[in-house]
$ cat entry.tsv   # TSV, N, CA and C atoms
chain	number	residue	atom	x	y	z
A	29	MET	N	99.30	102.30	107.72
A	29	MET	CA	98.38	101.49	106.95
A	29	MET	C	99.03	100.14	106.62
A	30	HIS	N	98.22	99.12	106.68
A	30	HIS	CA	98.70	97.77	106.39
A	30	HIS	C	97.75	97.12	105.40
A	31	LEU	N	98.30	96.41	104.43
A	31	LEU	CA	97.50	95.70	103.45
A	31	LEU	C	97.25	94.28	103.94
A	32	VAL	N	95.97	93.89	103.93
A	32	VAL	CA	95.56	92.57	104.40
A	32	VAL	C	95.03	91.77	103.21
A	33	LYS	N	95.46	90.53	103.13
A	33	LYS	CA	94.93	89.59	102.14
A	33	LYS	C	94.06	88.61	102.91
A	34	ASP	N	92.82	88.45	102.46
A	34	ASP	CA	91.87	87.64	103.23
A	34	ASP	C	90.99	86.85	102.28
A	35	LEU	N	90.30	85.89	102.83
A	35	LEU	CA	89.33	85.09	102.09
A	35	LEU	C	87.95	85.51	102.57
A	36	HIS	N	87.13	86.02	101.65
A	36	HIS	CA	85.80	86.49	102.00
A	36	HIS	C	84.81	85.98	100.97
A	37	GLU	N	83.83	85.23	101.42
A	37	GLU	CA	82.81	84.64	100.55
A	37	GLU	C	83.46	83.86	99.40
A	38	GLN	N	84.44	83.03	99.75
A	38	GLN	CA	85.16	82.14	98.85
A	38	GLN	C	85.93	82.89	97.76
A	39	ARG	N	86.36	84.11	98.06
A	39	ARG	CA	87.17	84.89	97.13
A	39	ARG	C	88.33	85.52	97.89
A	40	ILE	N	89.44	85.66	97.21
A	40	ILE	CA	90.58	86.38	97.77
A	40	ILE	C	90.28	87.87	97.64
A	41	VAL	N	90.41	88.59	98.74
A	41	VAL	CA	90.20	90.04	98.74
A	41	VAL	C	91.37	90.71	99.46
A	42	TYR	N	91.55	91.96	99.14
A	42	TYR	CA	92.57	92.78	99.79
A	42	TYR	C	91.86	93.98	100.39
A	43	TYR	N	92.36	94.44	101.54
A	43	TYR	CA	91.82	95.65	102.13
A	43	TYR	C	92.88	96.28	103.03
A	44	TRP	N	92.69	97.55	103.30
A	44	TRP	CA	93.63	98.31	104.12
A	44	TRP	C	93.09	98.48	105.53
A	45	ILE	N	93.97	98.37	106.51
A	45	ILE	CA	93.60	98.63	107.90
A	45	ILE	C	94.52	99.74	108.42
A	46	ASP	N	94.05	100.45	109.43
A	46	ASP	CA	94.87	101.50	110.05
A	46	ASP	C	95.64	100.90	111.22
A	47	GLU	N	96.30	101.75	111.98
A	47	GLU	CA	97.13	101.30	113.10
A	47	GLU	C	96.30	100.65	114.21
A	48	GLN	N	95.02	100.99	114.31
A	48	GLN	CA	94.15	100.38	115.32
A	48	GLN	C	93.49	99.10	114.78
A	49	GLU	N	93.95	98.65	113.61
A	49	GLU	CA	93.44	97.45	112.94
A	49	GLU	C	91.97	97.57	112.54
A	50	THR	N	91.55	98.78	112.23
A	50	THR	CA	90.21	99.03	111.73
A	50	THR	C	90.26	99.07	110.21
A	51	GLN	N	89.34	98.37	109.57
A	51	GLN	CA	89.32	98.36	108.11
A	51	GLN	C	88.93	99.75	107.61
A	52	ILE	N	89.77	100.31	106.73
A	52	ILE	CA	89.50	101.66	106.22
A	52	ILE	C	89.20	101.66	104.73
A	53	SER	N	89.30	100.53	104.09
A	53	SER	CA	89.00	100.47	102.66
A	53	SER	C	87.93	99.42	102.41
A	54	PRO	N	87.28	99.49	101.25
A	54	PRO	CA	86.38	98.39	100.89
A	54	PRO	C	87.20	97.17	100.49
A	55	PHE	N	86.54	96.04	100.27
A	55	PHE	CA	87.23	94.87	99.76
A	55	PHE	C	87.64	95.16	98.32
A	56	LEU	N	88.88	94.83	98.00
A	56	LEU	CA	89.43	95.10	96.67
A	56	LEU	C	89.86	93.78	96.06
A	57	ALA	N	89.66	93.63	94.76
A	57	ALA	CA	89.87	92.35	94.10
A	57	ALA	C	91.32	92.03	93.75
A	58	SER	N	92.19	93.03	93.71
A	58	SER	CA	93.57	92.77	93.30
A	58	SER	C	94.53	93.75	93.96
A	59	ILE	N	95.80	93.42	93.87
A	59	ILE	CA	96.82	94.30	94.43
A	59	ILE	C	96.89	95.64	93.68
A	60	PRO	N	96.81	95.66	92.34
A	60	PRO	CA	96.80	96.97	91.67
A	60	PRO	C	95.62	97.85	92.10
A	61	LEU	N	94.46	97.27	92.34
A	61	LEU	CA	93.33	98.06	92.83
A	61	LEU	C	93.58	98.56	94.25
A	62	ALA	N	94.23	97.73	95.07
A	62	ALA	CA	94.58	98.15	96.42
A	62	ALA	C	95.58	99.29	96.39
A	63	GLU	N	96.52	99.23	95.46
A	63	GLU	CA	97.50	100.30	95.34
A	63	GLU	C	96.85	101.60	94.87
A	64	GLU	N	95.94	101.49	93.92
A	64	GLU	CA	95.23	102.68	93.43
A	64	GLU	C	94.39	103.30	94.55
A	65	TRP	N	93.70	102.46	95.32
A	65	TRP	CA	92.88	102.99	96.42
A	65	TRP	C	93.77	103.71	97.43
A	66	ARG	N	94.91	103.10	97.77
A	66	ARG	CA	95.84	103.71	98.73
A	66	ARG	C	96.34	105.06	98.24
A	67	ASN	N	96.71	105.14	96.97
A	67	ASN	CA	97.22	106.40	96.42
A	67	ASN	C	96.17	107.50	96.48
A	68	LEU	N	94.94	107.17	96.12
A	68	LEU	CA	93.86	108.16	96.20
A	68	LEU	C	93.60	108.57	97.64
A	69	TYR	N	93.60	107.61	98.54
A	69	TYR	CA	93.36	107.88	99.96
A	69	TYR	C	94.43	108.81	100.53
A	70	LEU	N	95.69	108.48	100.28
A	70	LEU	CA	96.79	109.31	100.78
A	70	LEU	C	96.78	110.70	100.16
A	71	HIS	N	96.43	110.76	98.88
A	71	HIS	CA	96.35	112.05	98.19
A	71	HIS	C	95.27	112.93	98.83
A	72	LYS	N	94.14	112.34	99.19
A	72	LYS	CA	93.06	113.10	99.82
A	72	LYS	C	93.40	113.49	101.26
A	73	GLN	N	94.16	112.66	101.96
A	73	GLN	CA	94.48	112.92	103.36
A	73	GLN	C	95.53	114.02	103.53
A	74	TYR	N	96.35	114.22	102.51
A	74	TYR	CA	97.45	115.19	102.63
A	74	TYR	C	96.89	116.60	102.66
A	75	GLN	N	97.26	117.37	103.70
A	75	GLN	CA	96.71	118.71	103.89
A	75	GLN	C	97.66	119.81	103.44
A	76	GLY	N	98.92	119.52	103.24
A	76	GLY	CA	99.91	120.53	102.88
A	76	GLY	C	99.86	120.92	101.41
A	77	TRP	N	100.75	121.87	101.06
A	77	TRP	CA	100.86	122.30	99.68
A	77	TRP	C	101.51	121.19	98.87
A	78	ASP	N	101.02	120.97	97.68
A	78	ASP	CA	101.49	119.87	96.86
A	78	ASP	C	101.87	120.37	95.48
A	79	ARG	N	103.09	120.06	95.04
A	79	ARG	CA	103.49	120.44	93.69
A	79	ARG	C	102.84	119.55	92.64
A	80	ARG	N	102.58	118.33	93.00
A	80	ARG	CA	101.96	117.41	92.04
A	80	ARG	C	100.49	117.74	91.87
A	81	ARG	N	100.06	117.68	90.65
A	81	ARG	CA	98.64	117.90	90.37
A	81	ARG	C	97.90	116.58	90.21
A	82	SER	N	98.65	115.51	90.01
A	82	SER	CA	98.06	114.20	89.78
A	82	SER	C	98.54	113.24	90.86
A	83	HIS	N	97.69	112.32	91.21
A	83	HIS	CA	98.08	111.29	92.18
A	83	HIS	C	98.81	110.13	91.52
A	84	ILE	N	98.89	110.14	90.19
A	84	ILE	CA	99.55	109.07	89.46
A	84	ILE	C	101.04	109.39	89.34
A	85	ASP	N	101.88	108.45	89.69
A	85	ASP	CA	103.32	108.62	89.58
A	85	ASP	C	103.75	108.16	88.19
A	86	ARG	N	104.13	109.10	87.35
A	86	ARG	CA	104.50	108.76	85.97
A	86	ARG	C	105.71	107.86	85.91
A	87	ARG	N	106.54	107.88	86.95
A	87	ARG	CA	107.73	107.03	86.92
A	87	ARG	C	107.36	105.55	86.95
A	88	ARG	N	106.16	105.23	87.35
A	88	ARG	CA	105.74	103.82	87.36
A	88	ARG	C	105.44	103.32	85.95
A	89	LEU	N	105.16	104.24	85.03
A	89	LEU	CA	104.91	103.86	83.65
A	89	LEU	C	106.26	103.67	82.96
A	90	VAL	N	106.56	102.47	82.54
A	90	VAL	CA	107.87	102.11	82.03
A	90	VAL	C	108.27	102.98	80.85
A	91	HIS	N	107.37	103.19	79.90
A	91	HIS	CA	107.74	103.96	78.71
A	91	HIS	C	108.04	105.42	79.06
A	92	LYS	N	107.34	105.99	80.03
A	92	LYS	CA	107.61	107.37	80.45
A	92	LYS	C	108.96	107.45	81.17
A	93	ARG	N	109.24	106.46	82.01
A	93	ARG	CA	110.48	106.44	82.75
A	93	ARG	C	111.66	106.29	81.80
A	94	ASP	N	111.53	105.39	80.83
A	94	ASP	CA	112.61	105.18	79.86
A	94	ASP	C	112.82	106.42	79.01
A	95	GLN	N	111.72	107.08	78.64
A	95	GLN	CA	111.81	108.29	77.84
A	95	GLN	C	112.54	109.40	78.63
A	96	ALA	N	112.21	109.56	79.89
A	96	ALA	CA	112.86	110.57	80.72
A	96	ALA	C	114.34	110.25	80.91
A	97	SER	N	114.67	108.98	81.08
A	97	SER	CA	116.06	108.57	81.25
A	97	SER	C	116.87	108.89	79.99
A	98	ALA	N	116.29	108.63	78.83
A	98	ALA	CA	116.99	108.88	77.57
A	98	ALA	C	117.19	110.37	77.33
A	99	GLN	N	116.19	111.17	77.67
A	99	GLN	CA	116.27	112.61	77.43
A	99	GLN	C	117.22	113.31	78.40
A	100	HIS	N	117.27	112.86	79.62
A	100	HIS	CA	118.03	113.57	80.64
A	100	HIS	C	119.27	112.82	81.11
A	101	ALA	N	119.54	111.69	80.51
A	101	ALA	CA	120.71	110.87	80.86
A	101	ALA	C	120.77	110.61	82.37
A	102	ILE	N	119.64	110.17	82.92
A	102	ILE	CA	119.58	109.83	84.34
A	102	ILE	C	120.11	108.42	84.51
A	103	SER	N	121.12	108.29	85.34
A	103	SER	CA	121.72	106.96	85.52
A	103	SER	C	120.88	106.09	86.44
A	104	ASN	N	120.24	106.69	87.42
A	104	ASN	CA	119.44	105.94	88.37
A	104	ASN	C	118.11	106.67	88.59
A	105	PRO	N	117.10	106.37	87.77
A	105	PRO	CA	115.85	107.09	87.92
A	105	PRO	C	115.23	106.84	89.30
A	106	ALA	N	114.70	107.89	89.88
A	106	ALA	CA	114.13	107.80	91.23
A	106	ALA	C	112.90	106.91	91.23
A	107	LYS	N	112.74	106.19	92.31
A	107	LYS	CA	111.55	105.37	92.50
A	107	LYS	C	110.47	106.14	93.24
A	108	GLY	N	110.77	107.32	93.68
A	108	GLY	CA	109.80	108.13	94.40
A	108	GLY	C	110.15	108.23	95.87
A	109	ARG	N	109.80	109.35	96.47
A	109	ARG	CA	110.12	109.56	97.88
A	109	ARG	C	108.89	109.47	98.76
A	110	ARG	N	107.74	109.66	98.20
A	110	ARG	CA	106.51	109.60	99.00
A	110	ARG	C	106.15	108.16	99.33
A	111	SER	N	105.40	108.02	100.39
A	111	SER	CA	104.96	106.66	100.75
A	111	SER	C	104.06	106.08	99.67
A	112	SER	N	103.32	106.94	98.96
A	112	SER	CA	102.44	106.45	97.90
A	112	SER	C	103.21	106.05	96.65
A	113	ASP	N	104.49	106.43	96.56
A	113	ASP	CA	105.31	106.06	95.41
A	113	ASP	C	105.97	104.70	95.58
A	114	LYS	N	106.02	104.21	96.78
A	114	LYS	CA	106.69	102.95	97.05
A	114	LYS	C	105.76	101.79	96.68
A	115	PRO	N	106.32	100.70	96.15
A	115	PRO	CA	105.49	99.55	95.82
A	115	PRO	C	104.87	98.95	97.09
A	116	ILE	N	103.69	98.39	96.95
A	116	ILE	CA	103.01	97.83	98.12
A	116	ILE	C	103.28	96.33	98.20
A	117	LYS	N	103.09	95.80	99.39
A	117	LYS	CA	103.20	94.36	99.62
A	117	LYS	C	102.16	93.99	100.67
A	118	VAL	N	101.78	92.74	100.67
A	118	VAL	CA	100.82	92.25	101.66
A	118	VAL	C	101.52	92.18	103.00
A	119	ASP	N	100.94	92.85	104.00
A	119	ASP	CA	101.51	92.84	105.34
A	119	ASP	C	100.96	91.71	106.20
A	120	ILE	N	99.68	91.42	106.03
A	120	ILE	CA	99.01	90.40	106.84
A	120	ILE	C	98.26	89.47	105.89
A	121	ASP	N	98.62	88.19	105.91
A	121	ASP	CA	97.98	87.21	105.02
A	121	ASP	C	97.08	86.29	105.84
A	122	LEU	N	95.80	86.62	105.88
A	122	LEU	CA	94.83	85.78	106.58
A	122	LEU	C	94.29	84.68	105.67
A	123	ALA	N	94.43	84.86	104.37
A	123	ALA	CA	93.88	83.91	103.41
A	123	ALA	C	94.60	82.58	103.45
A	124	LYS	N	95.89	82.58	103.71
A	124	LYS	CA	96.67	81.35	103.67
A	124	LYS	C	96.13	80.31	104.65
A	125	SER	N	95.93	80.71	105.89
A	125	SER	CA	95.44	79.74	106.89
A	125	SER	C	94.01	79.32	106.59
A	126	LYS	N	93.19	80.26	106.11
A	126	LYS	CA	91.81	79.92	105.78
A	126	LYS	C	91.73	78.95	104.60
A	127	LEU	N	92.60	79.16	103.61
A	127	LEU	CA	92.63	78.24	102.46
A	127	LEU	C	93.13	76.86	102.86
A	128	GLU	N	94.15	76.82	103.73
A	128	GLU	CA	94.65	75.52	104.20
A	128	GLU	C	93.55	74.76	104.94
A	129	LYS	N	92.80	75.46	105.77
A	129	LYS	CA	91.71	74.83	106.51
A	129	LYS	C	90.62	74.36	105.55
A	130	LEU	N	90.31	75.17	104.55
A	130	LEU	CA	89.29	74.80	103.56
A	130	LEU	C	89.71	73.57	102.77
A	131	PHE	N	90.98	73.51	102.33
A	131	PHE	CA	91.47	72.36	101.58
A	131	PHE	C	91.49	71.10	102.45
A	132	LEU	N	91.85	71.25	103.72
A	132	LEU	CA	91.86	70.11	104.63
A	132	LEU	C	90.45	69.56	104.80
A	133	THR	N	89.48	70.44	104.98
A	133	THR	CA	88.09	70.02	105.11
A	133	THR	C	87.61	69.34	103.83
A	134	PHE	N	87.98	69.90	102.69
A	134	PHE	CA	87.59	69.32	101.40
A	134	PHE	C	88.20	67.94	101.23
A	135	ARG	N	89.48	67.81	101.60
A	135	ARG	CA	90.16	66.52	101.47
A	135	ARG	C	89.51	65.47	102.38
A	136	GLU	N	89.15	65.86	103.61
A	136	GLU	CA	88.49	64.92	104.53
A	136	GLU	C	87.14	64.49	103.98
A	137	ASN	N	86.38	65.44	103.46
A	137	ASN	CA	85.06	65.10	102.91
A	137	ASN	C	85.20	64.23	101.67
A	138	ALA	N	86.20	64.46	100.85
A	138	ALA	CA	86.41	63.67	99.65
A	138	ALA	C	86.82	62.24	100.01
A	139	SER	N	87.66	62.09	101.03
A	139	SER	CA	88.08	60.74	101.42
A	139	SER	C	86.93	59.96	102.04
A	140	GLN	N	86.05	60.64	102.78
A	140	GLN	CA	84.89	59.95	103.35
A	140	GLN	C	83.91	59.54	102.27
A	141	ALA	N	83.78	60.35	101.25
A	141	ALA	CA	82.85	60.03	100.17
A	141	ALA	C	83.36	58.89	99.31
A	142	SER	N	84.68	58.71	99.24
A	142	SER	CA	85.24	57.67	98.38
A	142	SER	C	85.35	56.31	99.07
A	143	GLU	N	85.09	56.25	100.38
A	143	GLU	CA	85.14	54.96	101.07
A	143	GLU	C	84.01	54.08	100.56
A	144	PRO	N	84.34	52.83	100.27
A	144	PRO	CA	83.30	51.95	99.76
A	144	PRO	C	82.26	51.64	100.85
A	145	THR	N	81.04	51.62	100.46
A	145	THR	CA	79.97	51.28	101.41
A	145	THR	C	79.61	49.82	101.22
A	146	LYS	N	79.23	49.21	102.34
A	146	LYS	CA	78.87	47.79	102.27
A	146	LYS	C	77.51	47.67	101.59
A	147	PRO	N	77.40	46.71	100.67
A	147	PRO	CA	76.09	46.53	100.01
A	147	PRO	C	75.08	46.02	101.03
A	148	LYS	N	73.87	46.45	100.85
A	148	LYS	CA	72.81	46.01	101.76
A	148	LYS	C	72.49	44.54	101.45
A	149	ALA	N	72.31	43.80	102.51
A	149	ALA	CA	71.97	42.38	102.33
A	149	ALA	C	70.54	42.28	101.83
A	150	GLU	N	70.40	41.43	100.85
A	150	GLU	CA	69.05	41.23	100.31
A	150	GLU	C	68.44	40.03	101.02
A	151	TYR	N	67.26	40.22	101.45
A	151	TYR	CA	66.54	39.13	102.13
A	151	TYR	C	65.56	38.50	101.18
A	152	THR	N	65.58	37.22	101.16
A	152	THR	CA	64.62	36.49	100.33
A	152	THR	C	63.76	35.62	101.25
A	153	CYS	N	62.57	35.51	100.94
A	153	CYS	CA	61.68	34.68	101.74
A	153	CYS	C	61.35	33.42	101.05
$ encode --input "entry.tsv" --output "structure tokens"
Amino acid sequence: MHLVKDLHEQRIVYYWIDEQETQISPFLASIPLAEEWRNLYLHKQYQGWDRRRSHIDRRRLVHKRDQASAQHAISNPAKGRRSSDKPIKVDIDLAKSKLEKLFLTFRENASQASEPTKPKAEYTC
């Protein structure tokens, strides 16, 4: 799975694609929403026996992690071993080039609009 950042209907959106580059998620408004969608998706796809009852990794919650570290004297709390426990990052950024093109077009249109026009000659009879 790869996270894509794109520009769709003048908004930044994120979505997941599979190895065949087929979109497998809806458009998502933020990276945290993309991460939540991925975790739910991976949780549903897993067919084996699972000790976890929740798809939420409590270690991501700072206060829970700090509390566990204090109680158990863990020197290096685990970040998680599952792929869904690892932080996500944008793999493919399509929005950057689209935004650059949009700004270039806007700049060209703004410069053309600001050029002074010649006043029309008035004819008198």
$ residues_around --input "entry.tsv" --residues "Ala123 (chain A)" --least-positions-apart "4" --cutoff "6 Å" --atoms "only C-alpha atoms" --output "number ranges by chain"
A: 33-35, 127
$ write_last_selection --input "entry.tsv" --atoms "N, CA and C atoms" --output "PDB file, in the frame of the given file"
ATOM      1  N   LYS A  33      95.460  90.530 103.130  1.00  0.00           N
ATOM      2  CA  LYS A  33      94.930  89.590 102.140  1.00  0.00           C
ATOM      3  C   LYS A  33      94.060  88.610 102.910  1.00  0.00           C
ATOM      4  N   ASP A  34      92.820  88.450 102.460  1.00  0.00           N
ATOM      5  CA  ASP A  34      91.870  87.640 103.230  1.00  0.00           C
ATOM      6  C   ASP A  34      90.990  86.850 102.280  1.00  0.00           C
ATOM      7  N   LEU A  35      90.300  85.890 102.830  1.00  0.00           N
ATOM      8  CA  LEU A  35      89.330  85.090 102.090  1.00  0.00           C
ATOM      9  C   LEU A  35      87.950  85.510 102.570  1.00  0.00           C
ATOM     10  N   LEU A 127      92.600  79.160 103.610  1.00  0.00           N
ATOM     11  CA  LEU A 127      92.630  78.240 102.460  1.00  0.00           C
ATOM     12  C   LEU A 127      93.130  76.860 102.860  1.00  0.00           C
TER      13      LEU A 127
END
$ atom_distance --input "entry.tsv" --atom1 "CA of Trp65 (chain A)" --atom2 "atom C of Val118 (chain A)"
15.3 Å
$ closest_residue --input "entry.tsv" --among "A:Lys129, A:Lys124, A:Lys117, A:Arg135" --to "His30 (chain A)" --atoms "all atoms listed in the file"
A:Lys117
$ atom_distance --input "entry.tsv" --atom1 "atom N of Ala57 (chain A)" --atom2 "atom C of Tyr42 (chain A)"
6.1 Å
$ residues_around --input "entry.tsv" --residues "Ile45 (chain A)" --least-positions-apart "2" --cutoff "12 Å" --atoms "only C-alpha atoms" --output "number ranges by chain"
A: 29-33, 42-43, 47-55, 62, 66, 118-120
$ atom_distance --input "entry.tsv" --atom1 "CA of Lys72 (chain A)" --atom2 "CA of Arg39 (chain A)"
28.9 Å
